[in-house]
Structures are given as C-alpha cells and as structure tokens.
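A.B. asks: To start, I am sharing the structure in question, which I have written as structure tokens.
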Amino acid sequence: MRILFFLAALFAAAPAFAHHSFAAEYDGDKPITLKGVVTKVEWENPHMHFYLDVTDDKGKIEAWKFEGFPPNMLVRQGWKREATLKIGDTVTVFAWRARNGLNLAHSREITFADGKKILSGPPAGTGGIN
Amino acid sequence: MRHLAALILCASLAAAQKPPVPKTADGRPDFSGVWQGGGAGGLSFAIGAENAKAARPDGAPAQGGTGVARAEPAPYQDWVQPRLKELRDRRAIDDPDNRCLLAGIPRITGMPLPLKIVQTKDEVIFMYETFHAFRVIPTDGRGHPDDLDPSFLGDSVGHWEGDTLVVDVTGFNDKTWLGNGATIHSDALHVVERYQRVDYNTITYNVTLEDPKMFTKRWTLAPSFLTLRPGERLREYECIADNQDLQRFEELLKTPTVFVRPPQ
C-alpha cells in the first residue's frame, strides 16, 4: 500500500483535464509554437482564453486565440488575474491547433520574455478521445 | 556542523510525525476539510483499460499514470458496443460535461476542482466546486426514500463500517457519463463508494458499480484517492456563462470529417 501511495504521489499534481473534450476540438498531433504580443485576456469560466498578435516573416500580423485552464485551476498554479499575463506582454505559447483549421489553439505552456515559464492548459489527449 | 545535524534531525522528526487522523466527538474519523480528488491518475484512468486505450491510441493511460493500479475494463454487454463505438468515433463530443450538466457519481469525485466535506453526527455533506454540486448524505441508518425521481447525482445514503464511510447511491438518470471516454450507463446504475481516511492527508476512494441493463457483472474501479488541501477555499465555477464549446461543436458538425475518428 505504501508503495502505491509513493508511486501515486509522483502523479498527484493537479488533475490535467478540464470540463470538456480536448480531442473533439483540438488535434494532439498538431503542436504549434507561436510568439506574439498579448492583445486580450478573457479570465472567464469555464475556460480562460487569450489572444496574441503574431507577426510572420513578411511582417504580416495575424490574430490567434488560445484556450487554457479554468481560472480556478490557474490560480491554484500560481497565476494572478491581470498580473501574470498582461496586454502588451510578448510571450511564446506552446499549443495544439484546432481541428477546424482556424487561428485557434489549446495552450499548454507560456514562456515570458524573461524566460520564465508557466503552465496554462492540460496536456493533449486528456478529457476526450484522440 | 552540530547545528546542521540538529536541523536535519528536527526536519526528519517533523516528517515522521505526521498529525494523526482527526476524530469527531463520537469517535469517527473526521473527513471535514477541502480535498482534491483524482489522485493516482484519477478516475479517467480508473475507468478501465479499454477506455484508457480508446482515449490514447498508444494505449497509455489517459492521465499519465504508469500502471500504478491497472483498471479492470468496463464490463459492457455486447448490445452496448455499437453505441460506444459511435460515441468514441465522435471523440466524445456528446459528453454531458460539455454542456455543463452535473457530473454524476463517481465522476465528480475525480474532477480537477476541489470539494469540501462537512461532517456532523448524522450527516456527511459533500460540496463540489465542480458545477456547484452538493450531496447531503445521511448516516443515521435511514434508507433511500421511496419517491426518488431519477437524477444526475442519484440519492446517497451512508453508513460506517469501522473507519470506512460506505455510501450507497441509486436513483440515477441515464444522462451522465461515469468518466471520460464514452462511459455511459443506464438508470439501473447502482454505485457503492468507500471512503477511508488512511492518514492525515489522504482519503482512499474505492468504487464498485452495478448496472444490470448495461454491464455483464459488477465493476470495480481501480483505487484512487483524495488529497487534503489545507487553506484552500472553494471558488465559483459557473460553467455555462462563457462556455464556447457548444458553438464550436456545431461548427465541427457541419464538416464531420474534420473531427470524426478514422477507422481504428
């Protein structure tokens, strides 16, 4: 029993999935990393969303939308509303693209300009069927 | 150096001397507090190897566990299989949670938001951050009411077997899933939960399920556990207000080839 708990403790981080099916909306086989400037943060239940303006090699700006954990889960991982992710911040986001091909992705991790990283969403493959 | 040794000794003693399991005035283990379920991979792992495999093509457990406690597959009757395949092929787009409907038992226990337990002499009250659900579980020896309406959380009555809180749940509707990954059930579902506070920080959670309309036999889930969250408070989790999933699902359904699983 003690071994069970020891092993279990290794995986006892915050449960990964949230309220809905990741796999229906997002493709775990399509990871994407994008760098851009934060234009909007929607700190809303059941899931947070934020937006980046991403500039490509030719100088063209495209707007991207990202989904993330519920605010309650973000707070418990150390996020603070209106402090952790702010409009104007330049960040790099690792995410998985939406199946519909639009500029929408489910974020996993955000890297800030100073190199600091923070988790923003669950790993691919949770909360649904791939 | 001597100070360092003393410090290490103190730290070791502190680690060894975990607080004992608190007791109520009548001598029961006291479950009161804020807890987070889903330990040991949680219930999405515990729902069974078959569903875990469906959730991940490589057969890896859906929650990142490593075979801590291999789950028994869900014992569905043959007639249910085509329906399960249909739901899996639609990548669980039909999951009632997507519509913010109350997650049933045992699923709500493993959700990634905490729950609060308040224990009195005759009742144990569970308050879930998930969808603001609550259960008032009598432990005074009464049975289920005889006028139950089918419901998402069913009707719970509890009793004590030694230090274990045993909760019998019946009176379900057929509108919830037991976990992630197309785990449907009928209104004949009968759940027995066993909660045991094995140490200060841990409640083990063992569940058996019977569903004579859909299962071939009683189904025992892999064990999971709840972890104490000292100082945590329940927050509001209003699920419908900004739920964008349904709108996106409608869009996806216009071109099902985008998300329907290819033949496995």
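Going through the structure tokens in order, the chains are called A, B, and so on, while each chain numbers its residues from 1 and the ligands are numbered from 1 in the order shown.
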Can you tell me, as a PyMOL selection string, what residues are no more than 7 Å from Thr227 in chain B when counting only C-alpha atoms, ignoring any on the same chain fewer than 4 positions away?

C.D. replies: chain B and resi 35-37+201-203

A.B. asks: Could you save the residues just selected, with N, CA and C atoms, as a PDB file, in the first residue's frame?

C.D. replies:
```
ATOM      1  N   TRP B  35     -10.701  18.949  -0.069  1.00  0.00           N
ATOM      2  CA  TRP B  35      -9.956  17.839  -0.653  1.00  0.00           C
ATOM      3  C   TRP B  35      -9.932  17.953  -2.168  1.00  0.00           C
ATOM      4  N   GLN B  36      -8.874  17.395  -2.756  1.00  0.00           N
ATOM      5  CA  GLN B  36      -8.797  17.303  -4.218  1.00  0.00           C
ATOM      6  C   GLN B  36      -8.771  15.833  -4.607  1.00  0.00           C
ATOM      7  N   GLY B  37      -9.764  15.422  -5.387  1.00  0.00           N
ATOM      8  CA  GLY B  37      -9.807  14.035  -5.847  1.00  0.00           C
ATOM      9  C   GLY B  37      -8.935  13.840  -7.076  1.00  0.00           C
ATOM     10  N   ASN B 201      -3.462  13.254   5.451  1.00  0.00           N
ATOM     11  CA  ASN B 201      -3.581  13.942   4.160  1.00  0.00           C
ATOM     12  C   ASN B 201      -4.372  13.186   3.108  1.00  0.00           C
ATOM     13  N   THR B 202      -4.807  11.968   3.410  1.00  0.00           N
ATOM     14  CA  THR B 202      -5.287  11.099   2.328  1.00  0.00           C
ATOM     15  C   THR B 202      -6.590  10.381   2.672  1.00  0.00           C
ATOM     16  N   ILE B 203      -7.519  10.451   1.740  1.00  0.00           N
ATOM     17  CA  ILE B 203      -8.710   9.594   1.777  1.00  0.00           C
ATOM     18  C   ILE B 203      -8.621   8.653   0.577  1.00  0.00           C
TER      19      ILE B 203
END
```

A.B. asks: At a cut-off of 10 Å, using only C-alpha atoms, what residues contact Arg235 in chain B? Leave out same-chain residues fewer than 4 positions from it and give the result as a PyMOL selection string.

C.D. replies: (chain A and resi 71-72) or (chain B and resi 113-114+128-130+132)

A.B. asks: Keeping only N, CA and C atoms, write the selected residues as an mmCIF file, in the first residue's frame.

C.D. replies:
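Writing done, so here's again_24.cif:
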```
data_model
loop_
_atom_site.group_PDB
_atom_site.id
_atom_site.type_symbol
_atom_site.label_atom_id
_atom_site.label_comp_id
_atom_site.auth_asym_id
_atom_site.auth_seq_id
_atom_site.Cartn_x
_atom_site.Cartn_y
_atom_site.Cartn_z
ATOM 1 N N PRO A 71 -9.991 29.519 -14.737
ATOM 2 C CA PRO A 71 -9.303 30.428 -13.810
ATOM 3 C C PRO A 71 -9.028 29.787 -12.449
ATOM 4 N N ASN A 72 -9.961 28.997 -11.946
ATOM 5 C CA ASN A 72 -9.745 28.382 -10.619
ATOM 6 C C ASN A 72 -8.493 27.511 -10.611
ATOM 7 N N LEU B 113 -11.298 20.043 -9.839
ATOM 8 C CA LEU B 113 -11.621 21.119 -8.917
ATOM 9 C C LEU B 113 -11.961 20.490 -7.560
ATOM 10 N N PRO B 114 -11.636 21.174 -6.473
ATOM 11 C CA PRO B 114 -11.748 20.526 -5.160
ATOM 12 C C PRO B 114 -13.182 20.397 -4.649
ATOM 13 N N TYR B 128 -19.166 20.344 -3.907
ATOM 14 C CA TYR B 128 -18.211 20.248 -5.018
ATOM 15 C C TYR B 128 -18.093 21.599 -5.716
ATOM 16 N N GLU B 129 -16.856 22.031 -5.939
ATOM 17 C CA GLU B 129 -16.671 23.236 -6.749
ATOM 18 C C GLU B 129 -17.183 22.984 -8.170
ATOM 19 N N THR B 130 -17.006 21.757 -8.643
ATOM 20 C CA THR B 130 -17.462 21.390 -9.982
ATOM 21 C C THR B 130 -18.970 21.578 -10.101
ATOM 22 N N HIS B 132 -20.969 23.389 -8.841
ATOM 23 C CA HIS B 132 -21.707 23.749 -7.620
ATOM 24 C C HIS B 132 -22.610 22.623 -7.133
#
```

A.B. asks: Any idea what the distance is between CA of Asp242 in chain B and CA of Glu67 in chain A?

C.D. replies: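 Distance reported for this atom pair: 12.0 Å.
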
A.B. asks: Quick one: residues within 10 Å of range 161-165 of chain B, only C-alpha atoms counted, chain neighbours fewer than 2 positions away excluded, as a list in words?

C.D. replies: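 So, after excluding close chain neighbours, the residues are Gly27, Arg28, Pro29, Asp30, Phe31, Val124, Thr139, Gly158, His159, Val167, Asp168, Glu193, Arg194, Tyr195, Gln196, Arg197, Val198, Ile203, Thr204 and Tyr205 of chain B.
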
A.B. asks: Selection from above, C-alpha atoms, as a PDB file, in the first residue's frame, can you write it?

C.D. replies:
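Contents of the output file again00.pdb:
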```pdb
ATOM      1  CA  GLY B  27     -15.063   8.694  17.722  1.00  0.00           C
ATOM      2  CA  ARG B  28     -15.451   8.565  13.931  1.00  0.00           C
ATOM      3  CA  PRO B  29     -12.608   9.604  11.646  1.00  0.00           C
ATOM      4  CA  ASP B  30     -13.333  13.214  10.698  1.00  0.00           C
ATOM      5  CA  PHE B  31     -13.388  13.785   6.940  1.00  0.00           C
ATOM      6  CA  VAL B 124     -21.747  13.875   5.767  1.00  0.00           C
ATOM      7  CA  THR B 139     -25.509   8.344   8.178  1.00  0.00           C
ATOM      8  CA  GLY B 158     -24.180   6.303   4.112  1.00  0.00           C
ATOM      9  CA  HIS B 159     -23.151   4.090   6.959  1.00  0.00           C
ATOM     10  CA  VAL B 167     -22.089   5.382   0.573  1.00  0.00           C
ATOM     11  CA  ASP B 168     -24.814   3.638  -1.404  1.00  0.00           C
ATOM     12  CA  GLU B 193     -18.357   4.254  -2.682  1.00  0.00           C
ATOM     13  CA  ARG B 194     -15.951   3.529   0.145  1.00  0.00           C
ATOM     14  CA  TYR B 195     -14.058   6.437   1.709  1.00  0.00           C
ATOM     15  CA  GLN B 196     -11.277   5.759   4.197  1.00  0.00           C
ATOM     16  CA  ARG B 197      -9.060   8.452   5.714  1.00  0.00           C
ATOM     17  CA  VAL B 198      -5.903   6.384   5.839  1.00  0.00           C
ATOM     18  CA  ILE B 203      -8.710   9.594   1.777  1.00  0.00           C
ATOM     19  CA  THR B 204      -8.726   6.437  -0.328  1.00  0.00           C
ATOM     20  CA  TYR B 205     -11.661   6.138  -2.711  1.00  0.00           C
TER      21      TYR B 205
END
```

A.B. asks: Work out how far apart CA of Gly141 in chain B and CA of Ala25 in chain B are and give it in Å to one decimal.

C.D. replies: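 About the pair CA of Gly141 in chain B and CA of Ala25 in chain B: they are 18.5 Å apart.
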
A.B. asks: A:Lys58, A:Lys30, A:Lys116, A:Lys40: which is nearest Thr92 in chain A, counting only C-alpha atoms?

C.D. replies: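 For Thr92 in chain A, the nearest of the candidates is A:Lys116.
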
A.B. asks: Which one is closest to chain B: A:Gly68, A:Gly101, A:Gly121, A:Pro31? Count only C-alpha atoms.

C.D. replies: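 Going through A:Gly68, A:Gly101, A:Gly121, A:Pro31 one by one, the smallest distance to chain B is for A:Gly101.
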
A.B. asks: Residues at most 12 Å from Asp187 in chain B, counting only C-alpha atoms, excluding those fewer than 2 positions away in the same chain, as a list in words?

C.D. replies: Gly104, Leu148, Asp149, Pro150, Ser151, Phe152, Leu153, Gly154, Val169, Thr170, Gly171, Phe172, Asn173, Asp174, Lys175, Thr176, Trp177, Ile184, His185, Leu189, His190, Val191, Glu210, Asp211, Pro212, Lys213 and Met214 of chain B

A.B. asks: Could you save the residues just selected, with N, CA and C atoms, as a short mmCIF file (atom, residue, chain, number, x, y, z; two decimals), in the first residue's frame?

C.D. replies:
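Writing the result to again24.cif gives the following:
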```
data_model
loop_
_atom_site.label_atom_id
_atom_site.label_comp_id
_atom_site.auth_asym_id
_atom_site.auth_seq_id
_atom_site.Cartn_x
_atom_site.Cartn_y
_atom_site.Cartn_z
N GLY B 104 -21.96 13.03 -12.70
CA GLY B 104 -22.54 12.09 -11.74
C GLY B 104 -21.50 11.47 -10.82
N LEU B 148 -38.11 8.45 -5.17
CA LEU B 148 -36.99 9.06 -5.89
C LEU B 148 -37.35 9.40 -7.32
N ASP B 149 -36.98 10.60 -7.73
CA ASP B 149 -37.00 10.95 -9.15
C ASP B 149 -35.61 10.68 -9.70
N PRO B 150 -35.51 10.12 -10.91
CA PRO B 150 -34.17 9.89 -11.47
C PRO B 150 -33.39 11.20 -11.53
N SER B 151 -32.14 11.17 -11.10
CA SER B 151 -31.37 12.42 -11.03
C SER B 151 -29.91 12.19 -11.41
N PHE B 152 -29.21 13.29 -11.67
CA PHE B 152 -27.82 13.22 -12.12
C PHE B 152 -26.90 12.65 -11.05
N LEU B 153 -27.11 13.07 -9.80
CA LEU B 153 -26.24 12.62 -8.71
C LEU B 153 -26.84 11.45 -7.94
N GLY B 154 -28.06 11.07 -8.29
CA GLY B 154 -28.69 9.98 -7.59
C GLY B 154 -28.98 10.32 -6.14
N VAL B 169 -25.42 4.60 -3.55
CA VAL B 169 -26.03 5.62 -4.41
C VAL B 169 -26.89 4.94 -5.47
N THR B 170 -28.13 5.37 -5.55
CA THR B 170 -29.06 4.82 -6.53
C THR B 170 -30.01 5.93 -6.97
N GLY B 171 -30.94 5.62 -7.84
CA GLY B 171 -31.88 6.65 -8.29
C GLY B 171 -31.30 7.58 -9.34
N PHE B 172 -30.37 7.06 -10.13
CA PHE B 172 -29.75 7.88 -11.19
C PHE B 172 -30.66 7.99 -12.41
N ASN B 173 -30.47 9.07 -13.18
CA ASN B 173 -30.97 9.08 -14.55
C ASN B 173 -29.89 8.45 -15.44
N ASP B 174 -30.10 8.47 -16.74
CA ASP B 174 -29.11 7.86 -17.64
C ASP B 174 -28.38 8.93 -18.44
N LYS B 175 -28.27 10.13 -17.86
CA LYS B 175 -27.75 11.27 -18.63
C LYS B 175 -26.30 11.63 -18.30
N THR B 176 -25.67 10.91 -17.40
CA THR B 176 -24.27 11.24 -17.09
C THR B 176 -23.34 10.16 -17.66
N TRP B 177 -22.06 10.49 -17.73
CA TRP B 177 -21.04 9.51 -18.04
C TRP B 177 -20.27 9.22 -16.75
N ILE B 184 -21.01 5.41 -20.73
CA ILE B 184 -22.43 5.62 -20.48
C ILE B 184 -22.94 4.59 -19.47
N HIS B 185 -24.13 4.83 -18.97
CA HIS B 185 -24.77 3.88 -18.06
C HIS B 185 -26.28 4.04 -18.19
N LEU B 189 -28.22 2.08 -12.76
CA LEU B 189 -26.89 2.17 -12.12
C LEU B 189 -27.01 2.19 -10.59
N HIS B 190 -26.14 1.42 -9.98
CA HIS B 190 -26.05 1.39 -8.51
C HIS B 190 -24.57 1.48 -8.14
N VAL B 191 -24.22 2.51 -7.40
CA VAL B 191 -22.81 2.76 -7.07
C VAL B 191 -22.61 2.58 -5.56
N GLU B 210 -22.73 -1.36 -10.32
CA GLU B 210 -23.57 -2.38 -10.94
C GLU B 210 -24.54 -1.68 -11.88
N ASP B 211 -24.75 -2.27 -13.03
CA ASP B 211 -25.74 -1.75 -13.97
C ASP B 211 -26.28 -2.94 -14.75
N PRO B 212 -27.29 -3.60 -14.22
CA PRO B 212 -27.78 -4.84 -14.84
C PRO B 212 -28.28 -4.65 -16.27
N LYS B 213 -28.63 -3.42 -16.65
CA LYS B 213 -29.09 -3.19 -18.02
C LYS B 213 -27.93 -3.09 -19.01
N MET B 214 -26.74 -2.68 -18.53
CA MET B 214 -25.62 -2.44 -19.46
C MET B 214 -24.37 -3.26 -19.17
#
```

A.B. asks: Taking the chain letters and numbering used in this document, name the residues of range 16-116 of chain A that DSSP puts in alpha helix (DSSP H), as a PyMOL selection string.

C.D. replies: chain A and resi 22-25+71-76

A.B. asks: Report the residues of range 69-137 of chain B whose backbone DSSP state falls under strand (DSSP E or B), written as a ChimeraX atom specification.

C.D. replies: /B:76,115-119,123-128,134-137

A.B. asks: Applying 9 Å and only C-alpha atoms, which residues near Asn243 in chain B remain after dropping the ones on its own chain fewer than 4 positions away? List them as a list in words.

C.D. replies: Asn45, Pro46 and His47 of chain A; Asn98, Arg99, Cys100, Cys239 and Gln247 of chain B

A.B. asks: For a test of reading the model, state the distance in Å between CA of Tyr26 in chain A and CA of Trp43 in chain A, rounded to one decimal.

C.D. replies: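 That distance, rounded to one decimal, is 20.4 Å.
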
A.B. asks: Compare B:Leu101, B:Leu221, B:Asp155, B:Ile125 by their minimum atom-to-atom distance to chain A, counting only C-alpha atoms, and give me the closest one.

C.D. replies: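 Residue with the minimum atom-to-atom distance to chain A: B:Leu101.
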